[in-house]
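Reproduced below: input_18.pdb, with PDB, C-alpha atoms.
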ATOM      1  CA  MET A  85      49.001 -41.344 -34.095
ATOM      2  CA  ASN A  86      52.759 -40.941 -33.684
ATOM      3  CA  THR A  87      52.344 -40.595 -29.922
ATOM      4  CA  GLU A  88      50.234 -43.740 -29.688
ATOM      5  CA  MET A  89      52.670 -45.676 -31.887
ATOM      6  CA  SER A  90      55.607 -44.561 -29.741
ATOM      7  CA  LYS A  91      53.798 -45.730 -26.596
ATOM      8  CA  ARG A  92      53.036 -49.054 -28.207
ATOM      9  CA  LEU A  93      56.628 -49.602 -29.352
ATOM     10  CA  LYS A  94      57.938 -48.728 -25.897
ATOM     11  CA  LEU A  95      55.514 -51.164 -24.255
ATOM     12  CA  GLU A  96      56.622 -53.880 -26.659
ATOM     13  CA  ARG A  97      60.311 -53.230 -25.862
ATOM     14  CA  ASP A  98      59.549 -53.199 -22.151
ATOM     15  CA  MET A  99      57.556 -56.398 -22.504
ATOM     16  CA  ARG A 100      60.504 -58.241 -24.010
ATOM     17  CA  LYS A 101      62.526 -57.266 -20.960
ATOM     18  CA  ALA A 102      59.610 -58.185 -18.698
ATOM     19  CA  VAL A 103      59.681 -61.766 -20.003
ATOM     20  CA  SER A 104      63.357 -62.242 -19.095
ATOM     21  CA  ASP A 105      63.083 -60.265 -15.826
ATOM     22  CA  GLN A 106      60.027 -62.202 -14.616
ATOM     23  CA  GLN A 107      57.854 -59.112 -14.188
ATOM     24  CA  PHE A 108      54.653 -61.045 -14.852
ATOM     25  CA  VAL A 109      52.742 -62.154 -11.774
ATOM     26  CA  LEU A 110      49.760 -64.487 -11.481
ATOM     27  CA  HIS A 111      46.523 -63.818  -9.660
ATOM     28  CA  TYR A 112      43.839 -66.449  -9.132
ATOM     29  CA  GLN A 113      40.106 -65.892  -9.419
ATOM     30  CA  PRO A 114      38.048 -68.444  -7.471
ATOM     31  CA  GLN A 115      35.286 -70.357  -9.204
ATOM     32  CA  VAL A 116      32.473 -71.333  -6.855
ATOM     33  CA  ASP A 117      29.890 -74.116  -7.081
ATOM     34  CA  PRO A 118      26.611 -72.253  -6.382
ATOM     35  CA  LYS A 119      24.961 -75.404  -5.033
ATOM     36  CA  THR A 120      27.531 -76.009  -2.305
ATOM     37  CA  ASN A 121      29.333 -72.620  -2.062
ATOM     38  CA  ARG A 122      32.573 -74.596  -2.378
ATOM     39  CA  VAL A 123      35.529 -73.112  -4.232
ATOM     40  CA  CYS A 124      35.975 -75.859  -6.809
ATOM     41  CA  GLY A 125      38.726 -74.297  -8.886
ATOM     42  CA  VAL A 126      40.568 -71.147  -9.881
ATOM     43  CA  GLU A 127      41.140 -69.242 -13.088
ATOM     44  CA  THR A 128      44.658 -67.930 -13.639
ATOM     45  CA  LEU A 129      44.980 -64.226 -14.465
ATOM     46  CA  VAL A 130      48.293 -62.763 -15.632
ATOM     47  CA  ARG A 131      49.302 -59.270 -14.531
ATOM     48  CA  TRP A 132      52.311 -57.218 -15.638
ATOM     49  CA  ASN A 133      54.004 -55.373 -12.792
ATOM     50  CA  HIS A 134      55.865 -52.736 -14.801
ATOM     51  CA  PRO A 135      58.786 -51.177 -12.851
ATOM     52  CA  GLU A 136      57.726 -47.636 -13.851
ATOM     53  CA  LEU A 137      54.021 -47.837 -14.656
ATOM     54  CA  GLY A 138      52.944 -50.285 -11.978
ATOM     55  CA  PHE A 139      50.348 -52.848 -12.956
ATOM     56  CA  VAL A 140      49.572 -52.533 -16.662
ATOM     57  CA  PRO A 141      45.955 -53.508 -17.511
ATOM     58  CA  PRO A 142      45.706 -56.774 -19.506
ATOM     59  CA  GLY A 143      43.628 -54.985 -22.135
ATOM     60  CA  MET A 144      46.662 -52.803 -22.829
ATOM     61  CA  PHE A 145      49.447 -55.381 -23.033
ATOM     62  CA  ILE A 146      47.738 -58.603 -24.210
ATOM     63  CA  PRO A 147      46.914 -57.270 -27.733
ATOM     64  CA  ILE A 148      50.524 -56.105 -28.131
ATOM     65  CA  ALA A 149      51.766 -59.485 -26.926
ATOM     66  CA  GLU A 150      49.502 -61.186 -29.478
ATOM     67  CA  ASP A 151      50.689 -59.013 -32.373
ATOM     68  CA  SER A 152      54.375 -59.295 -31.485
ATOM     69  CA  GLY A 153      54.343 -63.039 -30.797
ATOM     70  CA  LEU A 154      55.442 -62.494 -27.186
ATOM     71  CA  ILE A 155      52.176 -64.125 -26.116
ATOM     72  CA  ILE A 156      53.839 -67.500 -26.708
ATOM     73  CA  ASP A 157      56.551 -66.836 -24.105
ATOM     74  CA  ILE A 158      54.078 -65.221 -21.729
ATOM     75  CA  GLY A 159      51.687 -68.127 -22.150
ATOM     76  CA  ARG A 160      54.441 -70.583 -21.257
ATOM     77  CA  ILE A 161      55.270 -68.564 -18.129
ATOM     78  CA  VAL A 162      51.606 -68.510 -17.079
ATOM     79  CA  LEU A 163      51.045 -72.229 -17.641
ATOM     80  CA  ALA A 164      54.212 -73.221 -15.786
ATOM     81  CA  GLY A 165      53.497 -70.818 -12.919
ATOM     82  CA  ALA A 166      49.887 -71.948 -12.528
ATOM     83  CA  CYS A 167      50.817 -75.640 -12.423
ATOM     84  CA  LYS A 168      53.608 -74.948  -9.929
ATOM     85  CA  GLN A 169      51.203 -73.018  -7.690
ATOM     86  CA  TYR A 170      48.598 -75.791  -7.928
ATOM     87  CA  ARG A 171      51.207 -78.335  -6.816
ATOM     88  CA  GLU A 172      52.125 -76.100  -3.865
ATOM     89  CA  TRP A 173      48.465 -75.882  -2.854
ATOM     90  CA  LEU A 174      48.149 -79.674  -2.991
ATOM     91  CA  ASN A 175      51.270 -80.040  -0.832
ATOM     92  CA  GLN A 176      49.655 -77.665   1.699
ATOM     93  CA  GLY A 177      46.483 -79.739   1.785
ATOM     94  CA  ILE A 178      44.421 -77.243  -0.233
ATOM     95  CA  CYS A 179      42.304 -79.375  -2.534
ATOM     96  CA  LEU A 180      40.883 -77.794  -5.681
ATOM     97  CA  ASP A 181      39.393 -79.713  -8.583
ATOM     98  CA  TYR A 182      41.292 -77.781 -11.231
ATOM     99  CA  VAL A 183      43.281 -74.738 -12.254
ATOM    100  CA  ALA A 184      42.193 -72.979 -15.468
ATOM    101  CA  VAL A 185      44.645 -71.253 -17.815
ATOM    102  CA  ASN A 186      43.846 -69.145 -20.884
ATOM    103  CA  VAL A 187      45.562 -70.202 -24.092
ATOM    104  CA  SER A 188      45.938 -67.875 -27.070
ATOM    105  CA  VAL A 189      45.336 -68.995 -30.649
ATOM    106  CA  LYS A 190      49.024 -68.565 -31.510
ATOM    107  CA  GLN A 191      50.070 -70.622 -28.515
ATOM    108  CA  PHE A 192      47.505 -73.340 -29.257
ATOM    109  CA  ARG A 193      48.829 -73.691 -32.813
ATOM    110  CA  GLN A 194      52.508 -74.023 -31.857
ATOM    111  CA  PRO A 195      53.974 -77.397 -33.002
ATOM    112  CA  ASP A 196      55.402 -78.060 -29.533
ATOM    113  CA  PHE A 197      52.310 -76.946 -27.585
ATOM    114  CA  PHE A 198      51.107 -80.409 -26.602
ATOM    115  CA  GLN A 199      54.603 -81.530 -25.601
ATOM    116  CA  MET A 200      55.096 -78.383 -23.533
ATOM    117  CA  VAL A 201      51.837 -78.947 -21.638
ATOM    118  CA  GLU A 202      52.689 -82.594 -21.025
ATOM    119  CA  ASN A 203      56.182 -81.721 -19.758
ATOM    120  CA  ILE A 204      54.905 -79.058 -17.349
ATOM    121  CA  LEU A 205      52.397 -81.517 -15.894
ATOM    122  CA  LYS A 206      55.107 -84.145 -15.430
ATOM    123  CA  ILE A 207      57.537 -81.702 -13.795
ATOM    124  CA  ASN A 208      54.886 -80.777 -11.225
ATOM    125  CA  GLN A 209      53.610 -84.352 -10.887
ATOM    126  CA  LEU A 210      50.051 -83.344 -11.674
ATOM    127  CA  ASP A 211      47.139 -85.399 -12.922
ATOM    128  CA  PRO A 212      46.108 -83.934 -16.332
ATOM    129  CA  HIS A 213      42.487 -83.851 -15.141
ATOM    130  CA  CYS A 214      43.366 -80.964 -12.822
ATOM    131  CA  LEU A 215      44.237 -78.684 -15.748
ATOM    132  CA  GLU A 216      41.607 -76.778 -17.716
ATOM    133  CA  LEU A 217      42.696 -74.931 -20.843
ATOM    134  CA  GLU A 218      40.503 -72.026 -21.911
ATOM    135  CA  ILE A 219      40.432 -71.150 -25.598
ATOM    136  CA  THR A 220      38.467 -68.474 -27.421
ATOM    137  CA  GLU A 221      36.182 -68.975 -30.380
ATOM    138  CA  SER A 222      38.786 -67.422 -32.670
ATOM    139  CA  VAL A 223      40.700 -70.718 -32.575
ATOM    140  CA  PHE A 224      38.001 -72.086 -34.888
ATOM    141  CA  MET A 225      38.943 -69.570 -37.531
ATOM    142  CA  GLU A 226      42.080 -71.620 -38.121
ATOM    143  CA  ASP A 227      42.363 -74.978 -39.893
ATOM    144  CA  MET A 228      39.541 -76.925 -38.220
ATOM    145  CA  GLN A 229      41.088 -80.336 -38.895
ATOM    146  CA  GLU A 230      44.367 -79.291 -37.290
ATOM    147  CA  VAL A 231      42.510 -77.824 -34.314
ATOM    148  CA  ILE A 232      40.593 -81.074 -33.854
ATOM    149  CA  LYS A 233      43.849 -83.084 -33.903
ATOM    150  CA  ILE A 234      45.362 -80.921 -31.168
ATOM    151  CA  LYS A 235      42.124 -81.141 -29.180
ATOM    152  CA  GLU A 236      42.032 -84.928 -29.417
ATOM    153  CA  LYS A 237      45.599 -85.261 -28.135
ATOM    154  CA  LEU A 238      44.821 -83.021 -25.169
ATOM    155  CA  LYS A 239      41.615 -84.905 -24.399
ATOM    156  CA  GLU A 240      43.375 -88.275 -24.621
ATOM    157  CA  LEU A 241      45.833 -87.037 -22.029
ATOM    158  CA  GLY A 242      42.907 -86.098 -19.779
ATOM    159  CA  ILE A 243      43.047 -82.301 -19.943
ATOM    160  CA  GLN A 244      39.764 -80.398 -19.730
ATOM    161  CA  LEU A 245      38.873 -77.821 -22.371
ATOM    162  CA  SER A 246      36.566 -74.818 -22.224
ATOM    163  CA  ILE A 247      35.517 -72.064 -24.605
ATOM    164  CA  ASP A 248      35.867 -68.600 -23.113
ATOM    165  CA  ASP A 249      33.627 -65.603 -23.922
ATOM    166  CA  PHE A 250      31.235 -67.732 -25.973
ATOM    167  CA  GLY A 251      28.674 -65.692 -27.888
ATOM    168  CA  THR A 252      30.988 -62.961 -29.172
ATOM    169  CA  GLY A 253      32.767 -62.648 -32.476
ATOM    170  CA  PHE A 254      32.293 -65.587 -34.816
ATOM    171  CA  SER A 255      30.004 -67.703 -32.632
ATOM    172  CA  SER A 256      28.454 -70.796 -34.123
ATOM    173  CA  LEU A 257      26.612 -73.594 -32.387
ATOM    174  CA  SER A 258      28.167 -75.939 -34.947
ATOM    175  CA  TYR A 259      31.461 -75.534 -33.054
ATOM    176  CA  LEU A 260      29.851 -77.204 -30.052
ATOM    177  CA  LYS A 261      28.859 -80.159 -32.218
ATOM    178  CA  LYS A 262      32.283 -80.608 -33.802
ATOM    179  CA  PHE A 263      34.458 -79.647 -30.864
ATOM    180  CA  ASP A 264      34.036 -81.820 -27.771
ATOM    181  CA  ILE A 265      34.503 -79.494 -24.785
ATOM    182  CA  ASP A 266      33.981 -79.761 -21.041
ATOM    183  CA  TYR A 267      32.916 -76.221 -20.146
ATOM    184  CA  LEU A 268      31.318 -73.278 -21.893
ATOM    185  CA  LYS A 269      31.843 -69.794 -20.514
ATOM    186  CA  ILE A 270      29.063 -67.601 -21.872
ATOM    187  CA  ASP A 271      30.129 -64.009 -22.441
ATOM    188  CA  ARG A 272      29.077 -61.540 -19.753
ATOM    189  CA  SER A 273      27.185 -59.435 -22.297
ATOM    190  CA  PHE A 274      24.486 -62.150 -22.224
ATOM    191  CA  ILE A 275      24.570 -62.501 -18.440
ATOM    192  CA  ASN A 276      24.541 -58.899 -17.206
ATOM    193  CA  GLN A 277      20.855 -58.294 -18.056
ATOM    194  CA  LEU A 278      19.686 -61.861 -17.597
ATOM    195  CA  MET A 279      17.029 -61.009 -15.007
ATOM    196  CA  ASP A 280      15.547 -58.135 -17.023
ATOM    197  CA  ASN A 281      15.934 -59.171 -20.657
ATOM    198  CA  ALA A 282      13.757 -61.998 -22.018
ATOM    199  CA  THR A 283      15.823 -62.218 -25.206
ATOM    200  CA  ASP A 284      19.033 -62.751 -23.254
ATOM    201  CA  ARG A 285      17.341 -65.432 -21.157
ATOM    202  CA  ALA A 286      16.133 -67.258 -24.262
ATOM    203  CA  LEU A 287      19.576 -67.120 -25.876
ATOM    204  CA  VAL A 288      21.344 -68.355 -22.753
ATOM    205  CA  GLU A 289      18.864 -71.197 -22.328
ATOM    206  CA  ALA A 290      19.371 -72.230 -25.962
ATOM    207  CA  ILE A 291      23.163 -72.171 -25.609
ATOM    208  CA  ILE A 292      23.041 -74.237 -22.400
ATOM    209  CA  VAL A 293      20.743 -76.833 -23.985
TER     210      VAL A 293
END
For the structure just supplied, provide its representation as structure tokens.
Amino acid sequence: MNTEMSKRLKLERDMRKAVSDQQFVLHYQPQVDPKTNRVCGVETLVRWNHPELGFVPPGMFIPIAEDSGLIIDIGRIVLAGACKQYREWLNQGICLDYVAVNVSVKQFRQPDFFQMVENILKINQLDPHCLELEITESVFMEDMQEVIKIKEKLKELGIQLSIDDFGTGFSSLSYLKKFDIDYLKIDRSFINQLMDNATDRALVEAIIV
């Protein structure tokens, strides 16, 4: 336990330095329209290029970032970097419908979150419709009325919203009724056995409907 705690504390210290030293790099996962085979957008993935350890897996550093509050700074870096890259692609004539960025619960609940998003879009001269913010179901565990207010401001601006990893944790179809979203990303645990498992097929069909 002491060894694991020491590793965790060291990673947290290193992560604070990583934020100021710009050690986080962005990778982009293409999202393809199966009807046309066209790459319609990209999902932004953050990677930590540690000077000693190399690339640290997200599953190792994201939970620490969440617990320590560093996820707010990292989230700002990711959002700004993704919008800057999208603008560069547009300038090069590469046309994508959107760039998707994951947003943590802590980041979503920050008082200046909406203003930060709006400012980043303005700096890069981007239409809000080109930005998709991905949230997890855990955001609904917070004050629902406050969440709805933030959602409405984002939607009024024109930003698209999606729920990531739907079907895990505290899933409820009532969220889909109360929370107007554009995209639903069903968790892979329902998709992996889709061709062989009738129960999974029934659940996925129900969610889609």
Please enumerate the residues selected by the PyMOL selection byres ((chain A and resi 99) around 12) when evaluated against the supplied file, formatted as a VMD selection string. chain A and resid 92 to 98 100 to 108 131 to 135 140 144 to 150 152 to 155 157 to 158
I'd like the contact shell of Leu238 of chain A - 10 Å cut-off, only C-alpha atoms, skipping same-chain residues fewer than 2 positions apart - returned as a PyMOL selection string. chain A and resi 197-199+201-202+212+217+232-236+240-245
Could you tell me, as a list in words, which residues have any atom at most 12 Å from (22.4, -70.0, -23.7), counting only C-alpha atoms? Phe250, Gly251, Ser255, Leu257, Leu268, Lys269, Ile270, Asp271, Arg272, Ser273, Phe274, Ile275, Leu278, Ala282, Thr283, Asp284, Arg285, Ala286, Leu287, Val288, Glu289, Ala290, Ile291, Ile292 and Val293 of chain A
Could you tell me, as a ChimeraX atom specification, exactly which residues end up selected when the PyMOL selection byres ((chain A and resi 159) around 9) is applied to this structure? /A:154-158,160-164,185-188,191
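In terms of minimum interatomic distance to Gly138 of chain A, A:Val109 ranks closest within A:Val109, A:Leu205, A:Val116, A:Leu215, counting all atoms listed in the file.
Going from atom CA of Val123 of chain A to atom CA of Cys214 of chain A covers 14.0 Å.
For the pair atom CA of Leu110 of chain A and atom CA of Val231 of chain A, the separation is 27.4 Å.
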If we count all atoms listed in the file, what is near Tyr182 of chain A at a cut-off of 9 Å, once residues fewer than 6 positions away on the same chain are taken out, given as a PyMOL selection string? chain A and resi 124-127+170+213-216
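Note that atom CA of Glu172 of chain A and atom CA of Asn208 of chain A are 9.1 Å apart.
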Selection in question (the file shown): the PyMOL selection byres ((chain A and resi 248) around 6). Which residues does it include, as a VMD selection string? chain A and resid 218 to 220 247 249 to 250 269
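Candidate residues A:Leu137, A:Gln209, A:Lys262, A:Ser246 were compared for distance to Met228 of chain A, and the nearest is A:Lys262, using only C-alpha atoms.
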Nearest to Lys190 of chain A, restricted to only C-alpha atoms and choosing among A:Thr120, A:Ser222, A:Gln277, A:Gln113, comes out as A:Ser222
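Taking all atoms listed in the file into account, Arg122 of chain A lies nearest to A:Leu180 out of the set A:Leu180, A:Asp280, A:Ser90, A:Val189.
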